[in-house]
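Participant: File target05.cif follows (mmCIF, C-alpha atoms):
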data_structure
loop_
_atom_site.label_atom_id
_atom_site.label_comp_id
_atom_site.auth_asym_id
_atom_site.auth_seq_id
_atom_site.Cartn_x
_atom_site.Cartn_y
_atom_site.Cartn_z
CA MET V 133 11.12 -17.82 7.58
CA ASP V 134 8.21 -17.34 5.20
CA GLY V 135 5.73 -15.79 7.63
CA GLY V 136 2.99 -17.53 5.74
CA GLY V 137 2.00 -20.57 7.74
CA GLN V 138 1.94 -24.14 6.42
CA TYR V 139 -0.09 -23.61 3.26
CA THR V 140 1.85 -23.91 -0.01
CA PRO V 141 0.29 -22.48 -3.20
CA ARG V 142 0.44 -24.81 -6.20
CA THR V 143 -1.66 -23.25 -8.99
CA VAL V 144 -1.24 -19.93 -10.81
CA GLY V 145 -4.27 -18.51 -9.02
CA GLU V 146 -3.03 -19.66 -5.63
CA VAL V 147 0.46 -18.24 -6.22
CA PHE V 148 -1.05 -14.92 -7.26
CA ARG V 149 -3.21 -14.77 -4.13
CA ASP V 150 -0.13 -15.57 -2.07
CA PHE V 151 1.65 -12.70 -3.86
CA GLU V 152 -1.25 -10.30 -3.21
CA GLY V 153 -1.33 -11.13 0.50
CA ARG V 154 2.41 -10.69 0.99
CA ARG V 155 2.36 -7.48 -1.03
CA ALA V 156 -0.52 -6.03 1.00
CA GLY V 157 1.31 -6.74 4.25
CA MET V 158 4.52 -5.07 3.07
CA ILE V 159 2.62 -2.03 1.80
CA LYS V 160 1.07 -1.65 5.24
CA ALA V 161 4.53 -1.72 6.82
CA LEU V 162 5.76 1.05 4.53
CA THR V 163 2.63 3.24 4.67
CA THR V 164 -0.04 3.01 7.34
CA ASP V 165 2.22 1.16 9.83
CA VAL V 166 5.38 3.08 8.93
CA GLU V 167 5.97 4.42 12.46
CA GLU V 168 6.02 0.94 13.97
CA PHE V 169 8.09 -0.38 11.06
CA TYR V 170 10.64 2.40 11.58
CA ARG V 171 10.83 1.63 15.29
CA GLN V 172 11.41 -2.08 14.75
CA CYS V 173 14.25 -1.48 12.27
CA ASP V 174 16.71 -0.55 15.00
CA PRO V 175 20.24 -0.20 13.54
CA GLU V 176 21.63 -1.51 16.84
CA LYS V 177 20.09 -4.92 16.19
CA GLU V 178 21.48 -7.67 13.96
CA ASN V 179 20.69 -8.01 10.25
CA LEU V 180 16.92 -7.64 9.87
CA CYS V 181 14.55 -8.40 6.99
CA LEU V 182 11.03 -7.30 6.13
CA TYR V 183 8.70 -10.25 5.51
CA GLY V 184 5.21 -10.17 4.07
CA SER V 185 2.76 -12.96 4.85
CA PRO V 186 -0.05 -14.37 2.68
CA ASN V 187 -2.52 -13.23 5.38
CA GLU V 188 -1.60 -9.57 4.70
CA LYS V 189 0.58 -9.24 7.80
CA TRP V 190 4.16 -8.01 7.94
CA GLU V 191 7.07 -8.84 10.19
CA VAL V 192 10.59 -7.53 10.79
CA ASN V 193 12.82 -10.40 11.84
CA LEU V 194 16.16 -12.12 11.45
CA PRO V 195 16.70 -14.17 8.29
CA ALA V 196 16.06 -17.90 8.22
CA GLU V 197 18.81 -19.99 9.80
CA GLU V 198 18.49 -23.01 7.53
CA VAL V 199 20.69 -23.11 4.42
CA PRO V 200 19.35 -23.09 1.81
CA PRO V 201 16.17 -21.45 3.14
CA GLU V 202 12.72 -22.86 2.47
CA LEU V 203 11.86 -19.75 0.43
CA PRO V 204 13.98 -17.01 -1.15
CA GLU V 205 15.01 -14.50 1.51
CA PRO V 206 14.28 -10.75 1.37
CA ALA V 207 17.01 -8.08 1.50
CA LEU V 208 19.23 -8.49 4.55
CA GLY V 209 20.18 -5.68 6.92
CA ILE V 210 17.56 -3.09 6.01
CA ASN V 211 17.88 -1.66 9.52
CA PHE V 212 21.53 -0.65 9.04
CA ALA V 213 20.67 1.96 6.41
CA ARG V 214 17.78 3.49 8.37
CA ASP V 215 19.61 6.37 10.04
CA GLY V 216 22.03 7.02 7.20
CA MET V 217 19.39 8.12 4.70
CA GLN V 218 16.40 10.40 4.43
CA GLU V 219 13.38 8.45 5.61
CA LYS V 220 11.58 8.64 2.26
CA ASP V 221 14.71 7.40 0.44
CA TRP V 222 15.14 4.56 2.90
CA LEU V 223 11.50 3.51 2.55
CA SER V 224 11.83 3.64 -1.24
CA LEU V 225 14.91 1.42 -1.07
CA VAL V 226 13.12 -1.10 1.12
CA ALA V 227 10.16 -0.97 -1.28
CA VAL V 228 12.35 -1.81 -4.29
CA HIS V 229 13.90 -4.78 -2.51
CA SER V 230 10.44 -5.88 -1.37
CA ASP V 231 9.22 -5.90 -4.98
CA ALA V 232 12.19 -8.04 -5.98
CA TRP V 233 11.54 -10.47 -3.12
CA LEU V 234 7.86 -10.86 -4.02
CA LEU V 235 8.74 -11.77 -7.60
CA ALA V 236 11.39 -14.21 -6.39
CA VAL V 237 8.92 -15.99 -4.10
CA ALA V 238 6.20 -16.13 -6.78
CA PHE V 239 8.46 -17.61 -9.43
CA TYR V 240 10.10 -19.91 -6.92
CA PHE V 241 6.68 -21.51 -6.49
CA GLY V 242 6.29 -21.53 -10.28
CA ALA V 243 9.55 -23.39 -10.75
CA ARG V 244 8.93 -25.74 -7.85
CA PHE V 245 5.55 -26.85 -9.16
CA GLY V 246 6.46 -26.98 -12.83
CA PHE V 247 4.63 -24.00 -14.31
CA ASN V 248 4.94 -24.05 -18.08
CA LYS V 249 5.56 -21.05 -20.33
CA ALA V 250 1.86 -20.14 -20.49
CA ASP V 251 1.51 -20.42 -16.71
CA ARG V 252 4.53 -18.20 -16.10
CA LYS V 253 3.29 -15.63 -18.59
CA ASN V 254 -0.17 -15.63 -17.02
CA LEU V 255 1.30 -15.23 -13.54
CA PHE V 256 3.51 -12.34 -14.60
CA THR V 257 0.62 -10.63 -16.37
CA MET V 258 -1.51 -10.83 -13.23
CA ILE V 259 1.33 -9.47 -11.12
CA ASN V 260 2.17 -6.76 -13.61
CA ASP V 261 -1.39 -5.44 -13.53
CA LEU V 262 -0.77 -4.37 -9.92
CA PRO V 263 1.36 -1.32 -9.11
CA THR V 264 4.67 -2.16 -7.49
CA ILE V 265 5.26 -1.48 -3.81
CA PHE V 266 7.76 1.17 -4.89
CA GLU V 267 5.07 2.89 -6.97
CA VAL V 268 2.64 2.84 -4.05
CA VAL V 269 5.17 4.13 -1.52
CA THR V 270 6.49 6.92 -3.74
CA GLY V 271 3.22 7.77 -5.50
CA ALA V 272 5.02 7.35 -8.82
CA VAL V 273 1.93 6.38 -10.82
CA LYS V 274 -0.45 8.90 -9.32
CA LYS V 275 -1.41 11.56 -11.87
CA GLN V 276 -3.57 13.84 -9.78
CA THR V 277 -1.59 14.53 -6.64
CA LYS V 278 -1.36 18.21 -7.47
CA GLU V 279 -5.06 18.62 -8.09
CA LYS V 280 -7.28 20.32 -5.54
CA ILE V 281 -10.55 18.44 -5.72
CA SER V 282 -13.38 19.25 -3.35
CA VAL V 283 -16.66 17.46 -2.95
CA SER V 284 -18.45 20.55 -4.19
CA ASN V 285 -17.14 19.78 -7.69
CA HIS V 286 -18.96 16.46 -7.75
CA SER V 287 -22.65 15.64 -7.93
CA SER V 288 -25.11 17.00 -5.39
CA SER V 289 -25.34 13.57 -3.78
CA LYS V 290 -21.75 14.04 -2.63
CA SER V 291 -21.89 17.69 -1.66
CA LYS V 292 -22.66 17.05 2.00
CA SER V 293 -19.10 15.95 2.78
CA GLY V 294 -17.78 19.19 1.36
CA SER V 295 -19.88 21.45 3.56
CA LYS V 296 -17.40 21.62 6.41
CA GLY V 297 -16.44 25.26 5.73
CA ARG V 298 -18.78 27.43 7.80
CA GLY V 299 -19.08 31.21 7.90
CA SER V 300 -15.84 32.94 6.98
CA ASP V 301 -13.86 29.71 7.38
CA SER V 302 -14.29 28.53 3.82
CA GLY V 303 -10.70 27.89 2.79
CA LYS V 304 -9.27 24.40 2.54
CA HIS V 305 -11.62 21.43 2.77
CA THR V 306 -10.85 17.77 3.17
CA ARG V 307 -11.16 16.19 -0.26
CA THR V 308 -13.31 13.09 -0.47
CA ILE V 309 -15.02 11.01 -3.13
CA GLN V 310 -18.27 9.43 -2.06
CA ALA V 311 -19.38 5.99 -3.19
CA LYS V 312 -22.05 6.22 -5.88
CA ASP V 313 -25.51 4.87 -5.27
CA GLU V 314 -26.31 1.68 -7.12
CA ASP V 315 -28.91 3.41 -9.28
CA GLU V 316 -26.67 6.39 -10.01
CA VAL V 317 -25.25 6.61 -13.51
CA VAL V 318 -21.47 6.44 -13.40
CA ASP V 319 -19.81 9.50 -14.87
CA GLY V 320 -17.33 8.22 -17.43
CA GLY V 321 -15.27 11.37 -17.16
CA GLU V 322 -14.86 10.92 -13.42
CA GLU V 323 -13.85 7.28 -13.85
CA GLU V 324 -11.22 8.36 -16.38
CA GLU V 325 -10.06 11.22 -14.16
CA HIS V 326 -9.43 9.02 -11.13
CA GLY V 327 -8.77 5.71 -12.87
CA ASP V 328 -5.02 5.80 -12.29
CA THR V 329 -5.33 6.85 -8.66
CA LEU V 330 -3.98 4.31 -6.18
CA CYS V 331 -4.86 3.89 -2.55
CA GLY V 332 -1.84 4.93 -0.48
CA ALA V 333 -2.51 2.07 1.94
CA CYS V 334 -3.45 -1.00 -0.08
CA GLY V 335 -2.25 0.07 -3.53
CA GLU V 336 -5.49 -0.78 -5.30
CA ASN V 337 -6.99 1.40 -8.04
CA TYR V 338 -9.83 3.89 -7.74
CA ALA V 339 -13.37 2.51 -7.96
CA SER V 340 -16.47 4.68 -8.09
CA ASP V 341 -18.38 2.46 -5.66
CA GLU V 342 -16.06 3.16 -2.73
CA PHE V 343 -15.51 6.12 -0.41
CA TRP V 344 -12.12 7.83 -0.77
CA ILE V 345 -10.35 10.56 1.19
CA CYS V 346 -7.25 12.58 0.34
CA CYS V 347 -4.47 13.51 2.74
CA ASP V 348 -4.05 17.29 2.75
CA VAL V 349 -0.33 16.95 3.54
CA CYS V 350 1.10 14.33 1.15
CA GLU V 351 -1.93 14.48 -1.20
CA LYS V 352 -2.22 10.71 -1.45
CA TRP V 353 -5.71 9.21 -1.75
CA PHE V 354 -6.94 6.40 0.50
CA HIS V 355 -9.91 4.08 0.71
CA GLY V 356 -11.89 5.24 3.72
CA LYS V 357 -11.93 1.65 4.99
CA CYS V 358 -8.13 1.41 4.80
CA VAL V 359 -7.61 4.42 7.09
CA LYS V 360 -10.76 3.81 9.17
CA ILE V 361 -12.53 6.99 8.04
CA THR V 362 -16.25 6.90 7.29
CA PRO V 363 -18.16 9.49 5.22
CA ALA V 364 -19.90 10.62 8.42
CA ARG V 365 -16.62 11.14 10.21
CA ALA V 366 -15.13 12.93 7.19
CA GLU V 367 -17.83 15.58 7.46
CA HIS V 368 -16.19 16.84 10.64
CA ILE V 369 -12.60 16.81 9.40
CA LYS V 370 -11.40 20.15 8.11
CA GLN V 371 -7.89 18.98 7.24
CA TYR V 372 -7.17 15.28 6.96
CA LYS V 373 -3.75 13.79 7.69
CA CYS V 374 -3.10 10.16 6.77
CA PRO V 375 -1.52 7.83 9.37
CA SER V 376 1.94 8.27 7.87
CA CYS V 377 1.81 12.08 7.94
CA SER V 378 0.22 12.10 11.39
CA ASN V 379 3.07 9.99 12.77
CA LYS V 380 5.92 11.88 11.14
CA ARG V 381 8.46 13.41 13.44
CA VAL V 382 11.98 14.72 13.10
CA ARG V 383 14.38 11.81 12.85
CA THR V 384 17.70 12.16 14.61
#
Translate this structure into structure tokens?
Facilitator:
Amino acid sequence: MDGGGQYTPRTVGEVFRDFEGRRAGMIKALTTDVEEFYRQCDPEKENLCLYGSPNEKWEVNLPAEEVPPELPEPALGINFARDGMQEKDWLSLVAVHSDAWLLAVAFYFGARFGFNKADRKNLFTMINDLPTIFEVVTGAVKKQTKEKISVSNHSSSKSKSGSKGRGSDSGKHTRTIQAKDEDEVVDGGEEEEHGDTLCGACGENYASDEFWICCDVCEKWFHGKCVKITPARAEHIKQYKCPSCSNKRVRT
């Protein structure tokens, strides 16, 4: 099972886009859709695998029956370890195996369609420029998770979102970064400050032309569009919890 339909990538660019789509789907499973992913990985079921599709969807299912399979198979039996580990450790383990599977699929296509040394190097470079799923899930490459950044520390054009504290209730505010206007000069210091920040949902890097919001529980940053939060809605949120933190409950 490849979960990716009938299309088969044949060029370096096509293989990389296939990689990006599968990666995005698996990141969703381990972050924004983590509650549903956890539920589907029932240890009482048979050996299950996590698949990512080129269309950015994910699926938990049994491994392919044909031998050898059409594509390399992901780690088998991820559901068996679910209740025997801390949730964050289990998710990290699944993330590591997911990274390995993505590389296997990408270079399977490379071998199948005769990529030469330059093609393989180019493909790896493109892949290596993206953070791994493990890095996204664990926040390993995020440098500013301990920082307390409020909108009031940014330019006046972004101060409105930070005005949620009223009267004596002026403590903790939801941290957001507003998209800059097209005619606004980009602050190089701000770009450098947030340049290594990754969206906790899609894994992409910070960009000054997009609206971002920070979870006040896990302190991960997210594109507003990835968690369906608009700047207008953020104005009314005193403490923001991302989908993963909102869905957390005691596991037994």
Participant: Using only C-alpha atoms, which residue out of V:Thr143, V:Lys360, V:Arg155, V:Gln218 lies closest to Cys334 (chain V)?
Facilitator: V:Arg155
Participant: Between CA of Ala236 (chain V) and CA of Glu219 (chain V), what is the distance, to one decimal in Å?
Facilitator: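 For CA of Ala236 (chain V) relative to CA of Glu219 (chain V), the distance reads 25.7 Å.
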Participant: So that I can see what lies close to Gly209 (chain V), please list as a list in words the residues with an atom at most 9 Å from it, counting only C-alpha atoms and leaving out residues fewer than 4 positions away in the same chain.
Facilitator: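 The contact residues come out as Pro175, Glu178, Asn179, Leu180, Cys181, Leu194 and Ala213 of chain V.
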Participant: Of the residues V:Phe151, V:Trp344, V:Tyr372, V:Trp353, which is the one nearest to Trp233 (chain V), using all atoms listed in the file?
Facilitator: V:Phe151
Participant: Tell me which residues come within 10 Å of (-8.7, 3.7, -1.4), as number ranges by chain, counting all atoms listed in the file in the file's coordinates.
Facilitator: V: 309, 329-339, 342-346, 352-359
Participant: Can you pull out every residue within 9 Å of Thr270 (chain V), counting all atoms listed in the file, but drop anything in the same chain fewer than 3 positions away, and send it as a list in words?
Facilitator: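 Returned residues: Lys220, Leu223, Ser224, Ile265, Phe266, Glu267 and Val273 of chain V.
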Participant: Taking all atoms listed in the file into account, name the residue in V:Ala156, V:Cys377, V:Val199, V:Val166 that is nearest to Tyr183 (chain V).
Facilitator: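 The shortest atom-to-atom distance to Tyr183 (chain V) comes from V:Ala156.
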Participant: Which one of V:Arg365, V:Lys160, V:Lys189, V:Arg142 sits closest to Phe247 (chain V) if you count only C-alpha atoms?
Facilitator: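 Answer, going by the shortest atom-to-atom distance: V:Arg142.
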Participant: For Ala161 (chain V), find every residue with an atom within 9 Å (counting all atoms listed in the file), except residues of its own chain fewer than 4 positions away, and show them as a list of chain:residue names.
Facilitator: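 My list of contacting residues is V:Ala156, V:Gly157, V:Asp165, V:Val166, V:Glu167, V:Glu168, V:Phe169, V:Tyr170, V:Leu182, V:Gly184, V:Lys189, V:Trp190, V:Glu191.
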Participant: The residues within 8 Å of (0.6, 19.4, 7.8), using only C-alpha atoms and the coordinates of the file, should be reported as a PyMOL selection string; which are they?
Facilitator: chain V and resi 348-349+373+377
Participant: Grab the CA of Ser340 (chain V) to CA of Ser376 (chain V) distance for me, in Å with one decimal place.
Facilitator: 24.6 Å
Participant: In Å, rounded to a single decimal, give me how far CA of Phe239 (chain V) is from CA of Pro200 (chain V).
Facilitator: 16.6 Å
Participant: Around all listed atoms of region 256-266 of chain V, padded 6 Å per side, what centre and edge lengths does the axis-aligned box have in Å to one decimal, as lines of an AutoDock Vina configuration file?
Facilitator:
center_x = 3.1
center_y = -5.6
center_z = -10.1
size_x = 21.3
size_y = 25.5
size_z = 24.6
Participant: Could you check the closest approach to Asp150 (chain V) for each of V:Asn187, V:Ala243, V:Leu225, V:Thr257 and tell me which residue wins, using only C-alpha atoms?
Facilitator: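 The shortest atom-to-atom distance to Asp150 (chain V) comes from V:Asn187.
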Participant: Quick one: of V:Thr362, V:Gln371, V:Ser378, V:Thr140, who's nearest to Glu202 (chain V), counting only C-alpha atoms?
Facilitator: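 The shortest atom-to-atom distance to Glu202 (chain V) comes from V:Thr140.
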Participant: Going by the chain IDs and residue numbers used in this file, which residues fall under the PyMOL selection byres ((chain V and resi 259) around 12)? Write them as a list in words.
Facilitator: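 Applied to this file, the PyMOL selection byres ((chain V and resi 259) around 12) returns Val144, Gly145, Val147, Phe148, Arg149, Asp150, Phe151, Glu152, Arg155, Asp231, Leu234, Leu235, Ala238, Phe239, Arg252, Lys253, Asn254, Leu255, Phe256, Thr257, Met258, Asn260, Asp261, Leu262, Pro263, Thr264 and Ile265 of chain V.
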